[in-house]
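Colleague: Structure incoming, see below.
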Amino acid sequence: MQRVPLVLGNWKMNGSAQANEALLQGLLESLSPEADAALKQGELQAGVAVPAPYLFQAATRLRTSGLFWGAQDCSDEASGAFTGEISASMIKDFECQFALVGHSERRERAAETNSLVSRKLGQLLSQGLMPVVCVGEPLAEREQGSAEAFVVEQVRAATKGLNDQQLASLVIAYEPIWAIGTGMSASSDDAQSMHATIRQELAQQSQSAAQAVRILYGGSVKAATAASLFAQPDIDGALVGGASLDATEFASIVQSACPGAQSLH
Ligand code: PGA
């Protein structure tokens, strides 16, 4: 099956109104005409997950572009007395196409569990938003040879109870924790092997949905490494942290995923 390549930037807690303006402007100017056309025709998808206070700015700046914008997290509740939280309907209000859930930094810092991640995902689906579910093992699990079992459990817990249509609409981002922000990207072969394992796990629930789900790789993705990752059959794009804060670097990663830029899929 032909899956539309997807490249998302994750700004994390970086930026300011002024810096974002320059970054978004720079990004729009750096995209090649081919990538821009592919984005506008839906042959390629790309976007940025911005800090919530800047969703309005992202919407204003990107509305007429082919780029998506989204949030980095969402509440597991629909509305109510949950100080500081942001609901899926609020995210939708800012015309976001997606939100991240279960990023390892939230699993670690905010003690997010698999079941909380699954409830957040449900909130996004109820608003018709595309959940980008982040999974990935810590270094100790990789060293013990239990990385696949760890990630499969995260995927299973997040997708439990979803129907085939809901499952097919998910994006999964495989981000080994030891590769995030460290400059130590997984090799494209290791990443491919985990992506194939994730797809096999999804196929236990639905063959057709497993073929439709986009599985992104994240963890120190750079322009120099993107093409070899994207050449793998089960790597459908990337979730990019640090490199997404550099307009030309991120534009170059997006371009590497452009159909025709490589001989993949
Ligand atoms: P990185 O972050 O590209 O800076 O490693 C990826 C992420 O955490 O999404």
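The way I read the labels, and the way they are meant: chains A, B, ... in the order of the structure tokens, residue 1 as the first residue of every chain, and ligand 1 as the first ligand shown, with later ones counted on from there.
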Give the alpha helix (DSSP H) residues of range 119-182 of chain A, as DSSP finds them on the backbone, and put them as a ChimeraX atom specification.
Modeller: /A:119-126,139-143,147-159,164-168
Colleague: Give as JSON, numbers by chain the residues surrounding ligand 1 up to a distance of 9 Å, considering only C-alpha atoms and all ligand atoms.
Modeller: {"A": [8, 9, 10, 11, 12, 103, 104, 105, 134, 173, 175, 177, 178, 179, 180, 181, 182, 183, 184, 185, 217, 218, 219, 220, 221, 222, 238, 239, 240, 241, 242, 243, 244]}
Colleague: Go ahead and save the residues from that selection, with N, CA and C atoms, as a JSON list (two decimals), in the first residue's frame.
Modeller:
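What follows is the written file part.json:
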```
[["chain", "number", "residue", "atom", "x", "y", "z"],
["A", 8, "LEU", "N", 7.07, 15.46, 10.71],
["A", 8, "LEU", "CA", 6.59, 16.42, 11.70],
["A", 8, "LEU", "C", 7.75, 16.94, 12.53],
["A", 9, "GLY", "N", 7.73, 18.22, 12.80],
["A", 9, "GLY", "CA", 8.69, 18.82, 13.71],
["A", 9, "GLY", "C", 8.07, 18.90, 15.09],
["A", 10, "ASN", "N", 8.88, 18.73, 16.11],
["A", 10, "ASN", "CA", 8.44, 18.86, 17.49],
["A", 10, "ASN", "C", 9.31, 19.93, 18.13],
["A", 11, "TRP", "N", 8.73, 21.10, 18.28],
["A", 11, "TRP", "CA", 9.51, 22.23, 18.82],
["A", 11, "TRP", "C", 9.79, 22.09, 20.31],
["A", 12, "LYS", "N", 9.06, 21.21, 20.97],
["A", 12, "LYS", "CA", 9.18, 21.06, 22.44],
["A", 12, "LYS", "C", 8.96, 22.44, 23.09],
["A", 103, "HIS", "N", 4.62, 11.32, 24.36],
["A", 103, "HIS", "CA", 6.05, 11.56, 24.12],
["A", 103, "HIS", "C", 6.84, 11.10, 25.36],
["A", 104, "SER", "N", 8.02, 10.56, 25.13],
["A", 104, "SER", "CA", 8.78, 9.99, 26.26],
["A", 104, "SER", "C", 9.11, 11.05, 27.31],
["A", 105, "GLU", "N", 9.23, 12.31, 26.88],
["A", 105, "GLU", "CA", 9.52, 13.36, 27.87],
["A", 105, "GLU", "C", 8.32, 13.56, 28.80],
["A", 134, "CYS", "N", 3.54, 8.39, 20.50],
["A", 134, "CYS", "CA", 4.98, 8.17, 20.59],
["A", 134, "CYS", "C", 5.28, 6.96, 21.48],
["A", 173, "ALA", "N", 4.87, 7.10, 16.28],
["A", 173, "ALA", "CA", 6.25, 7.58, 16.17],
["A", 173, "ALA", "C", 7.11, 6.70, 17.06],
["A", 175, "GLU", "N", 10.36, 6.31, 18.79],
["A", 175, "GLU", "CA", 11.47, 7.16, 19.20],
["A", 175, "GLU", "C", 12.23, 6.49, 20.34],
["A", 177, "ILE", "N", 14.38, 6.13, 23.31],
["A", 177, "ILE", "CA", 14.68, 7.24, 24.24],
["A", 177, "ILE", "C", 16.17, 7.61, 24.20],
["A", 178, "TRP", "N", 17.02, 6.60, 24.03],
["A", 178, "TRP", "CA", 18.47, 6.85, 24.02],
["A", 178, "TRP", "C", 18.90, 7.63, 22.77],
["A", 179, "ALA", "N", 18.02, 7.75, 21.79],
["A", 179, "ALA", "CA", 18.38, 8.48, 20.56],
["A", 179, "ALA", "C", 17.84, 9.90, 20.55],
["A", 180, "ILE", "N", 16.99, 10.24, 21.52],
["A", 180, "ILE", "CA", 16.35, 11.56, 21.51],
["A", 180, "ILE", "C", 17.29, 12.63, 22.03],
["A", 181, "GLY", "N", 17.60, 13.57, 21.17],
["A", 181, "GLY", "CA", 18.42, 14.71, 21.56],
["A", 181, "GLY", "C", 19.87, 14.36, 21.88],
["A", 182, "THR", "N", 20.29, 13.16, 21.52],
["A", 182, "THR", "CA", 21.64, 12.72, 21.88],
["A", 182, "THR", "C", 22.59, 12.72, 20.69],
["A", 183, "GLY", "N", 22.05, 12.85, 19.49],
["A", 183, "GLY", "CA", 22.89, 12.74, 18.30],
["A", 183, "GLY", "C", 23.14, 11.29, 17.91],
["A", 184, "MET", "N", 22.62, 10.35, 18.73],
["A", 184, "MET", "CA", 22.82, 8.91, 18.45],
["A", 184, "MET", "C", 21.57, 8.32, 17.81],
["A", 185, "SER", "N", 21.39, 8.55, 16.53],
["A", 185, "SER", "CA", 20.20, 8.00, 15.87],
["A", 185, "SER", "C", 20.31, 6.48, 15.79],
["A", 217, "TYR", "N", 9.89, 7.56, 12.34],
["A", 217, "TYR", "CA", 11.05, 7.37, 13.22],
["A", 217, "TYR", "C", 11.41, 8.71, 13.84],
["A", 218, "GLY", "N", 11.77, 8.72, 15.11],
["A", 218, "GLY", "CA", 12.25, 9.93, 15.77],
["A", 218, "GLY", "C", 13.44, 9.62, 16.65],
["A", 219, "GLY", "N", 14.33, 10.58, 16.74],
["A", 219, "GLY", "CA", 15.54, 10.41, 17.56],
["A", 219, "GLY", "C", 16.75, 10.85, 16.78],
["A", 220, "SER", "N", 17.11, 12.15, 16.96],
["A", 220, "SER", "CA", 18.31, 12.72, 16.31],
["A", 220, "SER", "C", 18.27, 12.61, 14.79],
["A", 221, "VAL", "N", 17.08, 12.77, 14.20],
["A", 221, "VAL", "CA", 17.00, 12.79, 12.73],
["A", 221, "VAL", "C", 17.60, 14.11, 12.24],
["A", 222, "LYS", "N", 18.45, 13.99, 11.23],
["A", 222, "LYS", "CA", 19.09, 15.16, 10.63],
["A", 222, "LYS", "C", 18.91, 15.06, 9.11],
["A", 238, "ALA", "N", 9.25, 11.03, 9.62],
["A", 238, "ALA", "CA", 10.02, 11.28, 10.83],
["A", 238, "ALA", "C", 9.33, 12.26, 11.75],
["A", 239, "LEU", "N", 9.63, 12.12, 13.04],
["A", 239, "LEU", "CA", 9.29, 13.13, 14.05],
["A", 239, "LEU", "C", 10.63, 13.74, 14.48],
["A", 240, "VAL", "N", 10.76, 15.02, 14.21],
["A", 240, "VAL", "CA", 12.07, 15.69, 14.30],
["A", 240, "VAL", "C", 12.05, 16.72, 15.42],
["A", 241, "GLY", "N", 12.94, 16.58, 16.38],
["A", 241, "GLY", "CA", 13.03, 17.54, 17.48],
["A", 241, "GLY", "C", 13.99, 18.67, 17.14],
["A", 242, "GLY", "N", 15.21, 18.56, 17.64],
["A", 242, "GLY", "CA", 16.21, 19.63, 17.51],
["A", 242, "GLY", "C", 16.34, 20.20, 16.11],
["A", 243, "ALA", "N", 16.39, 19.32, 15.12],
["A", 243, "ALA", "CA", 16.61, 19.79, 13.74],
["A", 243, "ALA", "C", 15.41, 20.55, 13.19],
["A", 244, "SER", "N", 14.25, 20.46, 13.85],
["A", 244, "SER", "CA", 13.08, 21.20, 13.34],
["A", 244, "SER", "C", 13.15, 22.67, 13.75]]
```
Colleague: What does the distance from CA of Arg63 in chain A to CA of Glu95 in chain A come to in Å, to one decimal?
Modeller: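 Taking CA of Arg63 in chain A and CA of Glu95 in chain A, their separation equals 8.7 Å.
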Colleague: Counting only C-alpha atoms, figure out which residue out of A:Asn163, A:Gln211, A:Ser188, A:Ser126 gets nearest to Ser228 in chain A.
Modeller: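 Comparing A:Asn163, A:Gln211, A:Ser188, A:Ser126 against Ser228 in chain A, the winner is A:Ser188.
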Colleague: As a list in words, which residues of range 53-157 of chain A does DSSP assign to strand (DSSP E or B)?
Modeller: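 These are the residues in question: Phe68, Trp69, Gly70, Ala71, Phe98, Ala99, Leu100, Val101, Met130, Pro131, Val132, Val133, Cys134 and Val135 of chain A.
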Colleague: Tell me, as a PyMOL selection string, which residues lie within 10 Å of Leu125 in chain A, counting only C-alpha atoms; anything in the same chain fewer than 3 positions away does not count.
Modeller: chain A and resi 88+98+119-122+128-131+162+166-167+169-170
Colleague: Please write the residues from the selection above to a file, keeping N, CA and C atoms, as a CSV table (one decimal), in the first residue's frame.
Modeller:
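The new file out-v2.csv reads:
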```csv
chain,number,residue,atom,x,y,z
A,88,ALA,N,-8.9,18.3,23.6
A,88,ALA,CA,-8.8,18.0,22.1
A,88,ALA,C,-9.7,19.0,21.4
A,98,PHE,N,-3.3,17.6,14.0
A,98,PHE,CA,-2.8,16.5,14.8
A,98,PHE,C,-2.4,16.9,16.2
A,119,ARG,N,-6.2,7.0,26.8
A,119,ARG,CA,-7.4,7.9,26.9
A,119,ARG,C,-7.2,9.2,26.2
A,120,LYS,N,-6.0,9.7,26.2
A,120,LYS,CA,-5.7,11.0,25.4
A,120,LYS,C,-5.9,10.7,23.9
A,121,LEU,N,-5.5,9.6,23.5
A,121,LEU,CA,-5.7,9.2,22.1
A,121,LEU,C,-7.2,9.2,21.7
A,122,GLY,N,-7.9,8.6,22.6
A,122,GLY,CA,-9.4,8.6,22.4
A,122,GLY,C,-10.0,9.9,22.3
A,128,GLY,N,-11.8,14.0,15.7
A,128,GLY,CA,-11.4,13.9,14.4
A,128,GLY,C,-10.0,14.3,14.1
A,129,LEU,N,-9.2,14.4,15.2
A,129,LEU,CA,-7.8,14.8,15.0
A,129,LEU,C,-6.9,13.6,14.9
A,130,MET,N,-5.8,13.8,14.2
A,130,MET,CA,-4.8,12.6,14.0
A,130,MET,C,-3.9,12.5,15.2
A,131,PRO,N,-4.0,11.4,16.0
A,131,PRO,CA,-3.1,11.2,17.1
A,131,PRO,C,-1.8,10.7,16.6
A,162,LEU,N,-9.6,0.0,19.9
A,162,LEU,CA,-9.9,0.8,18.7
A,162,LEU,C,-10.5,0.0,17.6
A,166,GLN,N,-10.5,3.6,13.3
A,166,GLN,CA,-9.7,4.4,14.2
A,166,GLN,C,-8.2,4.0,14.1
A,167,LEU,N,-8.0,2.7,14.1
A,167,LEU,CA,-6.6,2.2,14.1
A,167,LEU,C,-5.9,2.8,12.8
A,169,SER,N,-6.3,5.4,11.3
A,169,SER,CA,-6.1,6.8,11.2
A,169,SER,C,-4.9,7.3,12.1
A,170,LEU,N,-4.4,6.3,12.9
A,170,LEU,CA,-3.3,6.7,13.8
A,170,LEU,C,-1.9,6.9,13.1
```
Colleague: Compile the contact shell of Glu141 in chain A as a list of chain:residue names: residues with an atom at most 12 Å away, counting only C-alpha atoms, same-chain residues fewer than 5 positions apart removed.
Modeller: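 In the requested form, the answer reads A:Gly136, A:Ser146, A:Ala147, A:Glu148, A:Ala149, A:Phe150, A:Val151, A:Pro176, A:Ile177, A:Trp178.
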Colleague: For CA of Leu39 in chain A and CA of Ser256 in chain A, determine how far apart the two atoms are, in Å to one decimal place.
Modeller: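 About the pair CA of Leu39 in chain A and CA of Ser256 in chain A: they are 12.8 Å apart.
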Colleague: For Gln41 in chain A, which of A:Met13, A:Ser206, A:Val4, A:Leu23 is the closest residue, counting only C-alpha atoms?
Modeller: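 Using only C-alpha atoms, Gln41 in chain A sits closest to A:Val4.
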Colleague: Taking into account only C-alpha atoms, which residue in the set A:Ala49, A:Ala78, A:Ala17, A:Val155 is nearest to Gln200 in chain A?
Modeller: A:Val155
Colleague: Could you pull the residues within 12 Å of Ser32 in chain A, counting only C-alpha atoms, minus those fewer than 2 positions along the same chain, as JSON, numbers by chain?
Modeller: {"A": [26, 27, 28, 29, 30, 34, 35, 36, 37, 38, 39, 248, 250, 251, 252, 253, 254, 255, 256, 258, 261]}
Colleague: May I have the selected residues written with all heavy atoms, as a compact mmCIF listing (two decimals), in the first residue's frame?
Modeller:
```
# COMPACT_ATOMS: atom_id res chain seq x y z
N GLY A 26 11.07 31.29 7.49
CA GLY A 26 12.25 30.64 6.91
C GLY A 26 11.90 29.27 6.35
O GLY A 26 12.38 28.88 5.28
N LEU A 27 11.06 28.55 7.06
CA LEU A 27 10.66 27.22 6.60
C LEU A 27 9.89 27.31 5.29
O LEU A 27 10.18 26.59 4.32
CB LEU A 27 9.80 26.56 7.70
CG LEU A 27 9.24 25.20 7.42
CD1 LEU A 27 10.34 24.20 7.07
CD2 LEU A 27 8.46 24.69 8.65
N LEU A 28 8.94 28.24 5.23
CA LEU A 28 8.15 28.38 4.00
C LEU A 28 9.04 28.79 2.82
O LEU A 28 8.85 28.31 1.70
CB LEU A 28 7.02 29.39 4.21
CG LEU A 28 5.95 28.94 5.22
CD1 LEU A 28 4.98 30.07 5.53
CD2 LEU A 28 5.19 27.72 4.70
N GLU A 29 10.03 29.62 3.10
CA GLU A 29 10.93 30.06 2.03
C GLU A 29 11.92 28.98 1.61
O GLU A 29 12.42 28.99 0.49
CB GLU A 29 11.70 31.31 2.48
CG GLU A 29 10.84 32.56 2.42
CD GLU A 29 11.48 33.76 3.13
OE1 GLU A 29 12.65 33.65 3.57
OE2 GLU A 29 10.78 34.78 3.24
N SER A 30 12.22 28.07 2.54
CA SER A 30 13.25 27.06 2.26
C SER A 30 12.72 25.85 1.51
O SER A 30 13.51 25.06 0.97
CB SER A 30 13.89 26.57 3.56
OG SER A 30 14.40 27.63 4.30
N GLU A 34 9.11 21.74 -5.61
CA GLU A 34 8.61 20.36 -5.71
C GLU A 34 7.94 19.93 -4.41
O GLU A 34 6.86 19.35 -4.41
CB GLU A 34 9.75 19.37 -6.02
CG GLU A 34 10.41 19.55 -7.38
CD GLU A 34 11.35 20.75 -7.47
OE1 GLU A 34 11.88 21.19 -6.42
OE2 GLU A 34 11.52 21.27 -8.59
N ALA A 35 8.63 20.22 -3.29
CA ALA A 35 8.06 19.83 -1.99
C ALA A 35 6.78 20.62 -1.73
O ALA A 35 5.78 20.07 -1.26
CB ALA A 35 9.07 20.08 -0.88
N ASP A 36 6.80 21.89 -2.06
CA ASP A 36 5.63 22.73 -1.85
C ASP A 36 4.44 22.19 -2.65
O ASP A 36 3.32 22.07 -2.12
CB ASP A 36 5.97 24.17 -2.28
CG ASP A 36 4.92 25.15 -1.83
OD1 ASP A 36 4.54 25.08 -0.65
OD2 ASP A 36 4.45 25.94 -2.67
N ALA A 37 4.70 21.81 -3.90
CA ALA A 37 3.61 21.28 -4.75
C ALA A 37 3.13 19.95 -4.18
O ALA A 37 1.91 19.70 -4.11
CB ALA A 37 4.11 21.10 -6.18
N ALA A 38 4.06 19.09 -3.74
CA ALA A 38 3.67 17.79 -3.19
C ALA A 38 2.82 17.97 -1.93
O ALA A 38 1.84 17.24 -1.71
CB ALA A 38 4.91 16.95 -2.89
N LEU A 39 3.17 18.96 -1.11
CA LEU A 39 2.40 19.23 0.11
C LEU A 39 0.99 19.70 -0.25
O LEU A 39 -0.01 19.25 0.32
CB LEU A 39 3.08 20.31 0.96
CG LEU A 39 4.38 19.90 1.66
CD1 LEU A 39 5.13 21.12 2.17
CD2 LEU A 39 4.09 18.94 2.81
N THR A 248 16.21 25.62 7.44
CA THR A 248 16.75 24.97 6.23
C THR A 248 16.97 23.48 6.47
O THR A 248 16.75 22.66 5.58
CB THR A 248 18.06 25.63 5.74
OG1 THR A 248 18.94 25.74 6.85
CG2 THR A 248 17.82 27.00 5.17
N PHE A 250 15.28 21.53 8.55
CA PHE A 250 13.98 20.85 8.58
C PHE A 250 13.39 20.77 7.16
O PHE A 250 12.87 19.73 6.76
CB PHE A 250 13.02 21.57 9.54
CG PHE A 250 11.72 20.85 9.73
CD1 PHE A 250 11.68 19.55 10.25
CD2 PHE A 250 10.50 21.44 9.39
CE1 PHE A 250 10.48 18.87 10.42
CE2 PHE A 250 9.29 20.76 9.56
CZ PHE A 250 9.28 19.48 10.08
N ALA A 251 13.52 21.86 6.40
CA ALA A 251 13.01 21.84 5.02
C ALA A 251 13.71 20.74 4.22
O ALA A 251 13.08 20.04 3.42
CB ALA A 251 13.22 23.20 4.36
N SER A 252 14.99 20.57 4.47
CA SER A 252 15.74 19.55 3.75
C SER A 252 15.25 18.14 4.14
O SER A 252 15.15 17.25 3.28
CB SER A 252 17.22 19.78 4.05
OG SER A 252 17.96 18.69 3.70
N ILE A 253 14.91 17.94 5.42
CA ILE A 253 14.37 16.64 5.84
C ILE A 253 13.01 16.40 5.16
O ILE A 253 12.72 15.31 4.66
CB ILE A 253 14.24 16.57 7.39
CG1 ILE A 253 15.63 16.68 8.03
CG2 ILE A 253 13.54 15.28 7.83
CD1 ILE A 253 15.63 16.86 9.54
N VAL A 254 12.18 17.43 5.14
CA VAL A 254 10.87 17.31 4.48
C VAL A 254 11.07 16.93 3.01
O VAL A 254 10.40 16.03 2.49
CB VAL A 254 10.07 18.64 4.60
CG1 VAL A 254 8.81 18.60 3.74
CG2 VAL A 254 9.71 18.92 6.06
N GLN A 255 12.01 17.60 2.37
CA GLN A 255 12.26 17.31 0.95
C GLN A 255 12.73 15.88 0.71
O GLN A 255 12.41 15.28 -0.31
CB GLN A 255 13.27 18.30 0.38
CG GLN A 255 12.57 19.53 -0.14
CD GLN A 255 13.37 20.80 0.04
OE1 GLN A 255 12.80 21.81 0.40
NE2 GLN A 255 14.66 20.76 -0.19
N SER A 256 13.48 15.33 1.67
CA SER A 256 13.95 13.94 1.52
C SER A 256 12.78 12.96 1.51
O SER A 256 12.93 11.83 1.04
CB SER A 256 14.86 13.54 2.68
OG SER A 256 15.93 14.38 2.79
N CYS A 258 9.90 13.63 0.09
CA CYS A 258 9.06 13.96 -1.05
C CYS A 258 9.05 12.78 -2.03
O CYS A 258 10.12 12.29 -2.39
CB CYS A 258 9.67 15.19 -1.71
SG CYS A 258 8.56 16.06 -2.76
N ALA A 261 11.91 11.99 -4.46
CA ALA A 261 13.23 12.33 -3.92
C ALA A 261 14.00 11.06 -3.61
O ALA A 261 15.18 11.06 -3.44
CB ALA A 261 13.10 13.17 -2.65
```
Colleague: Counting only C-alpha atoms, which of A:Leu202, A:Ala110, A:Gln232, A:Ser208 gets nearest to Asp190 in chain A?
Modeller: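 Under the stated criterion, the closest residue is A:Gln232.
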Colleague: Counting only C-alpha atoms, figure out which residue out of A:Leu116, A:Leu6, A:Ile91, A:Ala22 gets nearest to Gly47 in chain A.
Modeller: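 When distances to Gly47 in chain A are compared using only C-alpha atoms, the smallest one comes from A:Leu6.
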Colleague: With only C-alpha atoms as the counted atoms, please give the residues lying no more than 12 Å from Ala19 in chain A, apart from itself and same-chain residues fewer than 4 positions off, as a PDB file with N, CA, C and O atoms, in the first residue's frame.
Modeller:
```
ATOM      1  N   TRP A  11       8.728  21.103  18.278  1.00  0.00           N
ATOM      2  CA  TRP A  11       9.514  22.230  18.819  1.00  0.00           C
ATOM      3  C   TRP A  11       9.792  22.085  20.306  1.00  0.00           C
ATOM      4  O   TRP A  11      10.628  22.796  20.853  1.00  0.00           O
ATOM      5  N   ASN A  14      10.396  25.300  23.141  1.00  0.00           N
ATOM      6  CA  ASN A  14      11.322  26.267  22.542  1.00  0.00           C
ATOM      7  C   ASN A  14      10.521  27.293  21.759  1.00  0.00           C
ATOM      8  O   ASN A  14       9.442  26.990  21.263  1.00  0.00           O
ATOM      9  N   GLY A  15      11.084  28.476  21.639  1.00  0.00           N
ATOM     10  CA  GLY A  15      10.488  29.495  20.779  1.00  0.00           C
ATOM     11  C   GLY A  15      10.006  30.710  21.539  1.00  0.00           C
ATOM     12  O   GLY A  15       9.990  30.757  22.773  1.00  0.00           O
ATOM     13  N   LEU A  23      11.192  31.522  12.154  1.00  0.00           N
ATOM     14  CA  LEU A  23      11.343  30.099  11.836  1.00  0.00           C
ATOM     15  C   LEU A  23      10.303  29.660  10.797  1.00  0.00           C
ATOM     16  O   LEU A  23      10.629  28.979   9.813  1.00  0.00           O
ATOM     17  N   LEU A  24       9.054  30.070  11.006  1.00  0.00           N
ATOM     18  CA  LEU A  24       8.002  29.659  10.057  1.00  0.00           C
ATOM     19  C   LEU A  24       8.218  30.310   8.694  1.00  0.00           C
ATOM     20  O   LEU A  24       8.066  29.656   7.654  1.00  0.00           O
ATOM     21  N   GLN A  25       8.579  31.566   8.721  1.00  0.00           N
ATOM     22  CA  GLN A  25       8.861  32.265   7.461  1.00  0.00           C
ATOM     23  C   GLN A  25      10.022  31.583   6.730  1.00  0.00           C
ATOM     24  O   GLN A  25       9.961  31.309   5.531  1.00  0.00           O
ATOM     25  N   GLY A  26      11.073  31.291   7.490  1.00  0.00           N
ATOM     26  CA  GLY A  26      12.254  30.641   6.914  1.00  0.00           C
ATOM     27  C   GLY A  26      11.903  29.274   6.350  1.00  0.00           C
ATOM     28  O   GLY A  26      12.378  28.878   5.276  1.00  0.00           O
ATOM     29  N   TYR A  54       1.297  29.068  21.164  1.00  0.00           N
ATOM     30  CA  TYR A  54       1.598  29.562  19.825  1.00  0.00           C
ATOM     31  C   TYR A  54       0.759  28.895  18.734  1.00  0.00           C
ATOM     32  O   TYR A  54       1.052  29.041  17.544  1.00  0.00           O
ATOM     33  N   GLN A  57      -0.705  31.501  16.445  1.00  0.00           N
ATOM     34  CA  GLN A  57       0.329  32.045  15.555  1.00  0.00           C
ATOM     35  C   GLN A  57       0.618  31.060  14.412  1.00  0.00           C
ATOM     36  O   GLN A  57       0.721  31.456  13.246  1.00  0.00           O
ATOM     37  N   LEU A 245      14.120  23.026  14.591  1.00  0.00           N
ATOM     38  CA  LEU A 245      14.275  24.429  14.998  1.00  0.00           C
ATOM     39  C   LEU A 245      15.161  25.197  14.027  1.00  0.00           C
ATOM     40  O   LEU A 245      15.389  26.391  14.198  1.00  0.00           O
ATOM     41  N   ASP A 246      15.650  24.491  13.030  1.00  0.00           N
ATOM     42  CA  ASP A 246      16.477  25.112  11.993  1.00  0.00           C
ATOM     43  C   ASP A 246      15.710  24.997  10.670  1.00  0.00           C
ATOM     44  O   ASP A 246      15.479  23.891  10.169  1.00  0.00           O
ATOM     45  N   ALA A 247      15.299  26.153  10.131  1.00  0.00           N
ATOM     46  CA  ALA A 247      14.394  26.143   8.973  1.00  0.00           C
ATOM     47  C   ALA A 247      14.967  25.372   7.785  1.00  0.00           C
ATOM     48  O   ALA A 247      14.278  24.545   7.182  1.00  0.00           O
TER      49      ALA A 247
END
```
